[in-house]
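The data block below is upload.csv; it holds CSV, C-alpha atoms and all ligand atoms.
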chain,number,residue,atom,x,y,z
A,21,MET,CA,96.3,84.7,106.5
A,22,LYS,CA,94.3,85.0,109.6
A,23,ILE,CA,93.6,88.4,111.0
A,24,VAL,CA,92.3,89.5,114.3
A,25,PHE,CA,89.5,92.1,114.5
A,26,SER,CA,86.7,92.9,116.9
A,27,LYS,CA,83.6,95.0,116.0
A,28,TYR,CA,84.1,96.6,119.4
A,29,TYR,CA,87.4,98.2,118.2
A,30,THR,CA,85.3,100.9,116.5
A,31,ALA,CA,84.4,103.3,119.2
A,32,VAL,CA,83.9,106.7,117.5
A,33,SER,CA,84.8,109.9,119.4
A,34,PRO,CA,83.5,112.7,117.1
A,35,GLY,CA,86.2,115.3,116.4
A,36,HIS,CA,89.1,113.3,118.0
A,37,VAL,CA,92.3,113.1,116.0
A,38,PHE,CA,92.5,109.4,116.9
A,39,ARG,CA,89.9,107.7,114.8
A,40,ALA,CA,89.3,104.2,116.0
A,41,ASP,CA,87.2,103.5,112.9
A,42,LYS,CA,90.5,103.4,110.9
A,43,PHE,CA,91.0,99.7,111.8
A,44,GLU,CA,87.7,98.7,110.5
A,45,ALA,CA,88.2,100.7,107.4
A,46,ALA,CA,91.6,99.0,106.8
A,47,LEU,CA,90.0,95.6,107.2
A,48,LYS,CA,87.3,96.5,104.8
A,49,LEU,CA,89.9,97.5,102.2
A,50,LEU,CA,91.7,94.2,102.6
A,51,LEU,CA,88.5,92.2,102.3
A,52,LYS,CA,87.6,94.2,99.2
A,53,GLU,CA,90.9,93.5,97.6
A,54,GLY,CA,90.8,89.8,98.5
A,55,VAL,CA,94.0,90.0,100.7
A,56,VAL,CA,91.9,88.8,103.6
A,57,LEU,CA,89.0,86.4,103.4
A,58,LYS,CA,86.0,86.8,105.6
A,59,LYS,CA,86.5,83.3,107.1
A,60,ASP,CA,90.0,84.3,108.2
A,61,VAL,CA,88.9,87.2,110.4
A,62,LEU,CA,89.0,86.1,114.0
A,63,ALA,CA,87.2,87.9,116.9
A,64,PRO,CA,89.3,88.0,120.1
A,65,GLU,CA,88.0,87.2,123.5
A,66,GLU,CA,87.9,89.8,126.3
A,67,PRO,CA,91.1,89.5,128.4
A,68,SER,CA,90.7,88.2,131.9
A,69,LYS,CA,91.4,90.3,135.0
A,70,ALA,CA,94.4,88.1,135.7
A,71,ASP,CA,95.7,88.9,132.2
A,72,LEU,CA,95.4,92.6,132.7
A,73,LEU,CA,97.1,92.3,136.1
A,74,LEU,CA,100.2,91.0,134.4
A,75,ALA,CA,101.0,94.5,133.2
A,76,HIS,CA,98.7,96.8,135.2
A,77,SER,CA,98.0,97.8,138.8
A,78,PRO,CA,94.9,96.4,140.5
A,79,GLY,CA,93.5,100.0,140.8
A,80,TRP,CA,93.9,100.7,137.1
A,81,VAL,CA,92.5,97.3,136.1
A,82,ASN,CA,89.5,97.9,138.4
A,83,LYS,CA,88.8,101.3,136.7
A,84,ASN,CA,89.0,99.7,133.3
A,85,LEU,CA,86.9,96.6,134.0
A,86,ASN,CA,84.2,98.4,136.1
A,87,PHE,CA,84.2,101.8,134.2
A,88,LYS,CA,85.3,103.8,137.2
A,89,PHE,CA,87.4,106.4,135.4
A,90,THR,CA,87.9,109.9,136.9
A,91,ALA,CA,88.0,113.1,134.9
A,92,GLU,CA,91.7,113.1,135.5
A,93,ASP,CA,92.1,109.7,134.0
A,94,GLY,CA,90.5,110.9,130.8
A,95,ALA,CA,92.6,114.1,130.8
A,96,LYS,CA,95.8,112.1,131.1
A,97,ALA,CA,94.8,109.8,128.3
A,98,GLU,CA,93.6,112.7,126.3
A,99,LEU,CA,90.4,110.7,125.6
A,100,LYS,CA,86.7,111.1,126.3
A,101,ILE,CA,86.4,107.7,127.9
A,102,THR,CA,82.9,106.4,127.1
A,103,ARG,CA,81.8,102.8,127.8
A,104,GLY,CA,82.3,102.1,124.1
A,105,VAL,CA,85.9,103.5,124.2
A,106,ALA,CA,86.7,101.5,127.4
A,107,ARG,CA,85.4,98.4,125.7
A,108,ALA,CA,87.4,99.0,122.6
A,109,HIS,CA,90.6,99.3,124.5
A,110,LEU,CA,89.9,96.2,126.5
A,111,MET,CA,89.1,94.2,123.3
A,112,ASN,CA,92.3,95.4,121.7
A,113,VAL,CA,94.2,93.7,124.5
A,114,GLY,CA,92.4,90.4,123.7
A,115,GLY,CA,93.3,91.1,120.0
A,116,THR,CA,97.0,91.4,120.6
A,117,ILE,CA,97.1,88.3,122.8
A,118,LEU,CA,95.4,86.3,120.0
A,119,ALA,CA,97.7,87.8,117.3
A,120,ALA,CA,100.8,86.9,119.4
A,121,ARG,CA,99.5,83.3,119.7
A,122,LEU,CA,98.9,83.2,115.9
A,123,ALA,CA,102.4,84.5,115.4
A,124,LEU,CA,103.8,81.6,117.4
A,125,GLU,CA,101.7,79.1,115.3
A,126,ASN,CA,102.1,80.6,111.9
A,127,GLY,CA,105.1,82.9,111.9
A,128,ILE,CA,102.9,86.0,111.5
A,129,GLY,CA,100.0,87.2,113.6
A,130,VAL,CA,98.0,90.3,112.9
A,131,ASN,CA,95.9,92.4,115.1
A,132,CYS,CA,94.0,94.9,112.9
A,133,GLY,CA,94.2,97.3,115.8
A,134,GLY,CA,96.2,97.4,119.0
A,135,GLY,CA,99.5,99.2,119.7
A,136,SER,CA,98.6,101.2,122.8
A,137,HIS,CA,102.2,101.8,123.7
A,138,HIS,CA,101.6,105.0,125.8
A,139,ALA,CA,99.6,103.1,128.5
A,140,PHE,CA,101.5,102.7,131.7
A,141,HIS,CA,101.3,100.3,134.6
A,142,ASP,CA,98.7,102.4,136.5
A,143,HIS,CA,97.4,105.0,134.1
A,144,GLY,CA,96.7,105.8,130.5
A,145,GLU,CA,98.3,108.4,128.3
A,146,GLY,CA,98.3,109.5,124.7
A,147,PHE,CA,95.0,108.0,123.6
A,148,CYS,CA,96.0,104.7,125.3
A,149,LEU,CA,94.4,103.0,128.3
A,150,LEU,CA,95.7,99.5,128.5
A,151,ASN,CA,99.0,98.3,127.1
A,152,ASP,CA,98.0,95.4,124.9
A,153,ILE,CA,101.6,94.8,123.8
A,154,ALA,CA,102.8,94.4,127.4
A,155,VAL,CA,99.9,92.2,128.5
A,156,ALA,CA,100.3,89.9,125.5
A,157,VAL,CA,104.1,89.5,126.0
A,158,LYS,CA,103.8,89.0,129.7
A,159,LYS,CA,101.1,86.3,129.2
A,160,LEU,CA,103.1,84.3,126.8
A,161,LEU,CA,106.1,84.6,129.1
A,162,LYS,CA,104.1,83.4,132.0
A,163,GLU,CA,102.7,80.5,130.0
A,164,ARG,CA,106.3,79.6,129.1
A,165,ARG,CA,105.4,79.8,125.4
A,166,ILE,CA,108.3,82.2,125.0
A,167,LYS,CA,111.5,83.0,127.0
A,168,ARG,CA,112.4,86.3,125.4
A,169,ALA,CA,110.5,88.9,123.4
A,170,MET,CA,111.4,92.0,121.5
A,171,VAL,CA,109.1,94.9,120.9
A,172,ILE,CA,110.0,96.6,117.7
A,173,ASP,CA,108.2,100.0,118.1
A,174,LEU,CA,108.4,102.0,114.9
A,175,ASP,CA,105.4,104.3,115.7
A,176,ALA,CA,106.5,107.9,115.3
A,177,HIS,CA,106.2,108.4,119.1
A,178,GLN,CA,108.3,106.7,121.8
A,179,GLY,CA,106.8,103.6,123.3
A,180,ASN,CA,107.1,105.1,126.7
A,181,GLY,CA,104.5,103.0,128.5
A,182,THR,CA,105.9,99.8,127.1
A,183,ALA,CA,109.5,100.9,128.1
A,184,ALA,CA,108.4,101.7,131.6
A,185,ILE,CA,106.5,98.5,132.1
A,186,PHE,CA,109.4,96.3,130.9
A,187,SER,CA,112.1,98.4,132.6
A,188,GLY,CA,114.6,96.0,134.3
A,189,ASP,CA,112.9,92.9,132.8
A,190,LYS,CA,115.8,91.1,131.1
A,191,ARG,CA,113.4,88.8,129.1
A,192,VAL,CA,112.1,91.7,127.0
A,193,PHE,CA,114.0,94.0,124.7
A,194,THR,CA,112.2,97.3,123.9
A,195,PHE,CA,113.4,98.8,120.6
A,196,SER,CA,111.9,102.2,119.9
A,197,MET,CA,112.6,104.4,116.9
A,198,HIS,CA,110.8,107.7,117.1
A,199,GLY,CA,110.8,111.5,116.7
A,200,ALA,CA,113.3,112.8,119.4
A,201,GLY,CA,111.4,116.1,119.8
A,202,THR,CA,107.8,114.9,119.6
A,203,TYR,CA,105.4,113.5,122.1
A,204,PRO,CA,105.9,112.2,124.7
A,205,GLU,CA,107.9,115.2,126.1
A,206,LYS,CA,109.4,113.1,128.9
A,207,LYS,CA,110.8,110.0,127.3
A,208,GLU,CA,111.3,106.7,129.2
A,209,LYS,CA,114.3,104.5,128.8
A,210,SER,CA,113.8,101.7,126.3
A,211,SER,CA,116.4,98.9,125.9
A,212,LEU,CA,117.3,100.9,122.7
A,213,ASP,CA,116.0,104.3,121.8
A,214,ILE,CA,116.7,105.8,118.4
A,215,GLY,CA,115.6,109.4,118.4
A,216,LEU,CA,115.1,110.9,115.0
A,217,ARG,CA,115.0,114.5,113.8
A,218,PRO,CA,111.8,116.1,112.3
A,219,GLY,CA,111.5,115.4,108.6
A,220,THR,CA,114.0,112.5,108.7
A,221,GLY,CA,112.6,111.1,105.4
A,222,ASP,CA,112.8,107.6,103.8
A,223,ALA,CA,116.5,107.4,103.2
A,224,ALA,CA,117.8,108.4,106.6
A,225,TYR,CA,115.0,106.5,108.4
A,226,LEU,CA,115.6,103.2,106.5
A,227,SER,CA,119.3,103.6,106.9
A,228,ALA,CA,119.0,103.9,110.7
A,229,LEU,CA,116.6,101.0,110.9
A,230,GLY,CA,118.9,98.9,108.7
A,231,ARG,CA,121.8,99.6,110.9
A,232,GLU,CA,120.1,99.1,114.3
A,233,LEU,CA,117.4,96.4,114.0
A,234,PRO,CA,119.5,93.5,112.6
A,235,ARG,CA,122.1,94.1,115.3
A,236,ALA,CA,119.5,94.2,118.1
A,237,LEU,CA,117.8,91.0,116.8
A,238,ASP,CA,121.1,89.2,116.5
A,239,LYS,CA,122.3,90.2,120.0
A,240,PHE,CA,119.1,89.6,121.8
A,241,GLY,CA,117.7,86.6,120.0
A,242,PRO,CA,114.0,86.8,120.8
A,243,ASP,CA,111.4,84.0,120.4
A,244,LEU,CA,108.8,86.5,119.5
A,245,ALA,CA,108.7,90.0,118.1
A,246,VAL,CA,105.8,92.4,118.5
A,247,TYR,CA,105.9,94.9,115.7
A,248,VAL,CA,104.3,98.2,116.5
A,249,ALA,CA,103.8,99.6,113.0
A,250,GLY,CA,102.5,103.1,113.5
A,251,ALA,CA,101.3,104.8,110.4
A,252,ASP,CA,102.2,108.2,111.8
A,253,VAL,CA,105.7,108.2,110.4
A,254,TYR,CA,103.9,109.3,107.2
A,255,ARG,CA,104.8,112.8,105.8
A,256,ASN,CA,101.3,114.0,105.8
A,257,ASP,CA,100.6,112.9,109.4
A,258,LEU,CA,99.3,115.6,111.8
A,259,LEU,CA,101.3,114.3,114.8
A,260,GLY,CA,104.2,112.3,113.6
A,261,GLY,CA,106.6,114.6,111.8
A,262,LEU,CA,109.1,112.0,110.4
A,263,GLY,CA,108.4,112.6,106.7
A,264,LEU,CA,108.2,109.1,105.3
A,265,THR,CA,106.4,108.4,102.0
A,266,VAL,CA,103.9,105.6,101.5
A,267,GLU,CA,106.6,103.7,99.5
A,268,GLY,CA,109.1,104.3,102.3
A,269,ILE,CA,106.7,102.8,104.9
A,270,LYS,CA,106.2,99.8,102.7
A,271,LYS,CA,110.0,99.3,102.7
A,272,ARG,CA,110.1,99.8,106.4
A,273,ASP,CA,107.5,97.0,106.9
A,274,ALA,CA,109.1,94.6,104.5
A,275,PHE,CA,112.4,95.1,106.2
A,276,VAL,CA,111.0,94.3,109.6
A,277,PHE,CA,109.1,91.2,108.5
A,278,GLY,CA,112.1,90.1,106.4
A,279,GLU,CA,114.6,90.5,109.3
A,280,CYS,CA,112.3,88.5,111.6
A,281,ARG,CA,111.7,85.8,109.1
A,282,ALA,CA,115.4,85.5,108.3
A,283,ARG,CA,116.0,84.6,111.9
A,284,GLY,CA,113.0,82.5,112.4
A,285,VAL,CA,111.5,85.0,114.8
A,286,PRO,CA,107.6,84.9,114.8
A,287,ALA,CA,106.2,88.4,114.4
A,288,ALA,CA,103.0,89.8,115.8
A,289,LEU,CA,101.8,93.0,114.2
A,290,VAL,CA,99.9,95.7,115.9
A,291,LEU,CA,98.9,98.9,114.0
A,292,SER,CA,99.1,101.7,116.7
A,293,GLY,CA,99.1,105.4,115.7
A,294,GLY,CA,98.1,107.1,112.4
A,295,TYR,CA,96.7,110.6,112.0
A,296,ALA,CA,97.1,111.6,108.4
A,297,LYS,CA,95.4,114.8,107.2
A,298,LYS,CA,93.4,112.5,104.9
A,299,PHE,CA,91.8,109.7,106.8
A,300,SER,CA,92.0,107.4,103.7
A,301,ASP,CA,95.9,107.8,103.7
A,302,THR,CA,96.0,106.3,107.3
A,303,VAL,CA,93.7,103.5,106.2
A,304,ARG,CA,95.8,102.8,103.1
A,305,ILE,CA,99.0,102.7,105.1
A,306,HIS,CA,97.7,100.3,107.8
A,307,ALA,CA,96.3,98.1,105.0
A,308,ASN,CA,99.6,98.1,103.2
A,309,THR,CA,101.4,97.0,106.4
A,310,ILE,CA,99.1,94.1,106.7
A,311,LYS,CA,99.4,93.2,103.0
A,312,THR,CA,103.2,93.2,103.4
A,313,GLY,CA,102.9,91.0,106.5
A,314,ALA,CA,100.8,88.6,104.4
A,315,ARG,CA,103.7,88.2,102.0
A,316,PHE,CA,105.8,86.9,104.8
A,317,ALA,CA,103.1,84.6,106.3
A,401,ZN,ZN,102.2,107.6,117.4

Could I get this file's structure written as structure tokens?
Amino acid sequence: MKIVFSKYYTAVSPGHVFRADKFEAALKLLLKEGVVLKKDVLAPEEPSKADLLLAHSPGWVNKNLNFKFTAEDGAKAELKITRGVARAHLMNVGGTILAARLALENGIGVNCGGGSHHAFHDHGEGFCLLNDIAVAVKKLLKERRIKRAMVIDLDAHQGNGTAAIFSGDKRVFTFSMHGAGTYPEKKEKSSLDIGLRPGTGDAAYLSALGRELPRALDKFGPDLAVYVAGADVYRNDLLGGLGLTVEGIKKRDAFVFGECRARGVPAALVLSGGYAKKFSDTVRIHANTIKTGARFA
């Protein structure tokens, strides 16, 4: 299975709860275990200005491309935006575009990164600057490679940026299952929001997913799904609070890939959040998700 990764994804911000080096660590684990071969790792291209403008305002695109951020931009995104960080976010957009293309070709496409679902049209939030999911979907819609897409966002936090960007766009169904009381405080309106209680746990989580996802897929009938597979649903996550076990997350992932495949819907995977107390747990969970995806490739 091909997997998308850029060395530029790894922009380390010492002391920050979001560790961008988790993506590289997950890839290394998969290479070591032979799940991924070195020749199958594809480096994405930098997205064009025109690509970014599909989902973002000219002002915000200019700031991102020309490194013109203000202190307020950094504060809103809760990031120290260095040149390396800006480049990482940019390259993640290229990565998700490539993963979505691979999904259309092969059934499954994997970006070993991505999932910046808190990025809005004209600003960043929650460790996200550019909404890679929205840019990739809009690009494939514009190229007429797809007519309808579904974003299946199972990160522990609502995909507020994605929901806002696609608000009123009948071609895109935004499905978000997340902690009702966690970040972001002010939720946007997705096509379908499923708010969960803190400490939901495997059984209740998988039951809600099993009830809602097949119905949404059947009703909407997308030509592409982007699966936002946040690892922060894990019970030892510092920011998620949903209480899933590693085994429960494996079941979640297998369910999503299985439901997509059963309907012939190509699935592009992006990894998104993950802030476990132990860094190695986050890395393991992301690697597991990709491993599960490989079973469906
Ligand atoms: Zn999250």

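All polymer residues at most 8 Å from (91.4, 101.9, 108.1), using only C-alpha atoms, appear as Asp41, Lys42, Phe43, Glu44, Ala45, Ala46, Leu47, Lys48, Leu49, Phe299, Ser300, Thr302, Val303, Arg304, His306 and Ala307 of chain A.
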
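The closest residue to A:Gly250, picked from A:Lys58, A:Arg107, A:Arg272, A:Lys52 and counting only C-alpha atoms, is A:Arg272.
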
> Please, which residues have at least one atom within 12 Å of an atom of ligand ZN 401 (chain A), using all atoms listed in the file, listed as a PyMOL selection string?
Replying inline: chain A and resi 37-38+134-138+145-148+173-180+196-199+202-204+248-254+257-262+291-296+302

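Atom CA of A:Ala245 to atom CA of A:Asp222 spans 23.0 Å [interatomic distance, one decimal].
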
> In Å, how far is it from atom CA of A:Thr309 to atom CA of A:Val266?
Replying inline: 10.2 Å

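Ranking A:Arg283, A:His143, A:His36, A:His76 by their shortest atom-to-atom distance to A:Lys100, with all atoms listed in the file included, puts A:His36 first.
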
>> Here is a test: counting only C-alpha atoms, which residue of A:Lys270, A:Lys83, A:Arg231, A:Arg121 is nearest to A:Ala106?
In response: A:Lys83

> When distances are computed from all atoms listed in the file, which of A:Leu150, A:Val55, A:Ile172, A:Met21 shows the smallest separation from A:Leu85?
Replying inline: A:Leu150

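Restricting the calculation to all atoms listed in the file, the smallest distance between A:Ile305 and any of A:Leu226, A:Leu50, A:Ala184, A:Leu73 is found for A:Leu50.
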
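Nearest to A:Leu244 of all the residues A:Leu212, A:Val171, A:Leu72, A:Val290 is A:Val171, based on all atoms listed in the file.
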
> Expressed in Å to a single decimal, how great is the separation between atom CA of A:Glu163 and atom CA of A:Ala139?
Replying inline: 22.9 Å

>> Residues within 8 Å of A:Ala156, please, as a PyMOL selection string. Count only C-alpha atoms; anything in the same chain fewer than 4 positions from it doesn't count.
In response: chain A and resi 113+116-117+120+152+160

>> List the spatial neighbours of A:Ala317 as a VMD selection string - criterion: any atom at most 8 Å away, only C-alpha atoms, same-chain residues fewer than 6 positions off excluded.
In response: chain A and resid 21 126 to 128

Convert the current residue selection to file output with C-alpha atoms, as a PDB file, keeping the file's coordinate frame.
ATOM      1  CA  MET A  21      96.300  84.700 106.500  1.00  0.00           C
ATOM      2  CA  ASN A 126     102.100  80.600 111.900  1.00  0.00           C
ATOM      3  CA  GLY A 127     105.100  82.900 111.900  1.00  0.00           C
ATOM      4  CA  ILE A 128     102.900  86.000 111.500  1.00  0.00           C
TER       5      ILE A 128
END

>> as number ranges by chain, please: the residues near A:Ala154 (cut-off 8 Å, only C-alpha atoms, same-chain neighbours under 6 positions excluded).
In response: A: 75, 182, 185-186

Counting only C-alpha atoms, what is within 9 Å of A:Asp243, bar same-chain residues fewer than 4 positions away, as a JSON list (two decimals) with C-alpha atoms, keeping the file's coordinate frame?
[["chain", "number", "residue", "atom", "x", "y", "z"],
["A", 124, "LEU", "CA", 103.80, 81.60, 117.40],
["A", 165, "ARG", "CA", 105.40, 79.80, 125.40],
["A", 166, "ILE", "CA", 108.30, 82.20, 125.00],
["A", 167, "LYS", "CA", 111.50, 83.00, 127.00],
["A", 168, "ARG", "CA", 112.40, 86.30, 125.40],
["A", 169, "ALA", "CA", 110.50, 88.90, 123.40],
["A", 170, "MET", "CA", 111.40, 92.00, 121.50],
["A", 284, "GLY", "CA", 113.00, 82.50, 112.40],
["A", 285, "VAL", "CA", 111.50, 85.00, 114.80],
["A", 286, "PRO", "CA", 107.60, 84.90, 114.80]]

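Summary of the local environment: counting only C-alpha atoms, residues at most 10 Å from A:Glu66, other than itself and those fewer than 3 positions away along its chain, are A:Ser26, A:Ala63, A:Lys69, A:Asp71, A:Arg107, A:Ala108, A:Leu110, A:Met111, A:Asn112, A:Val113, A:Gly114, A:Gly115, A:Ile117.
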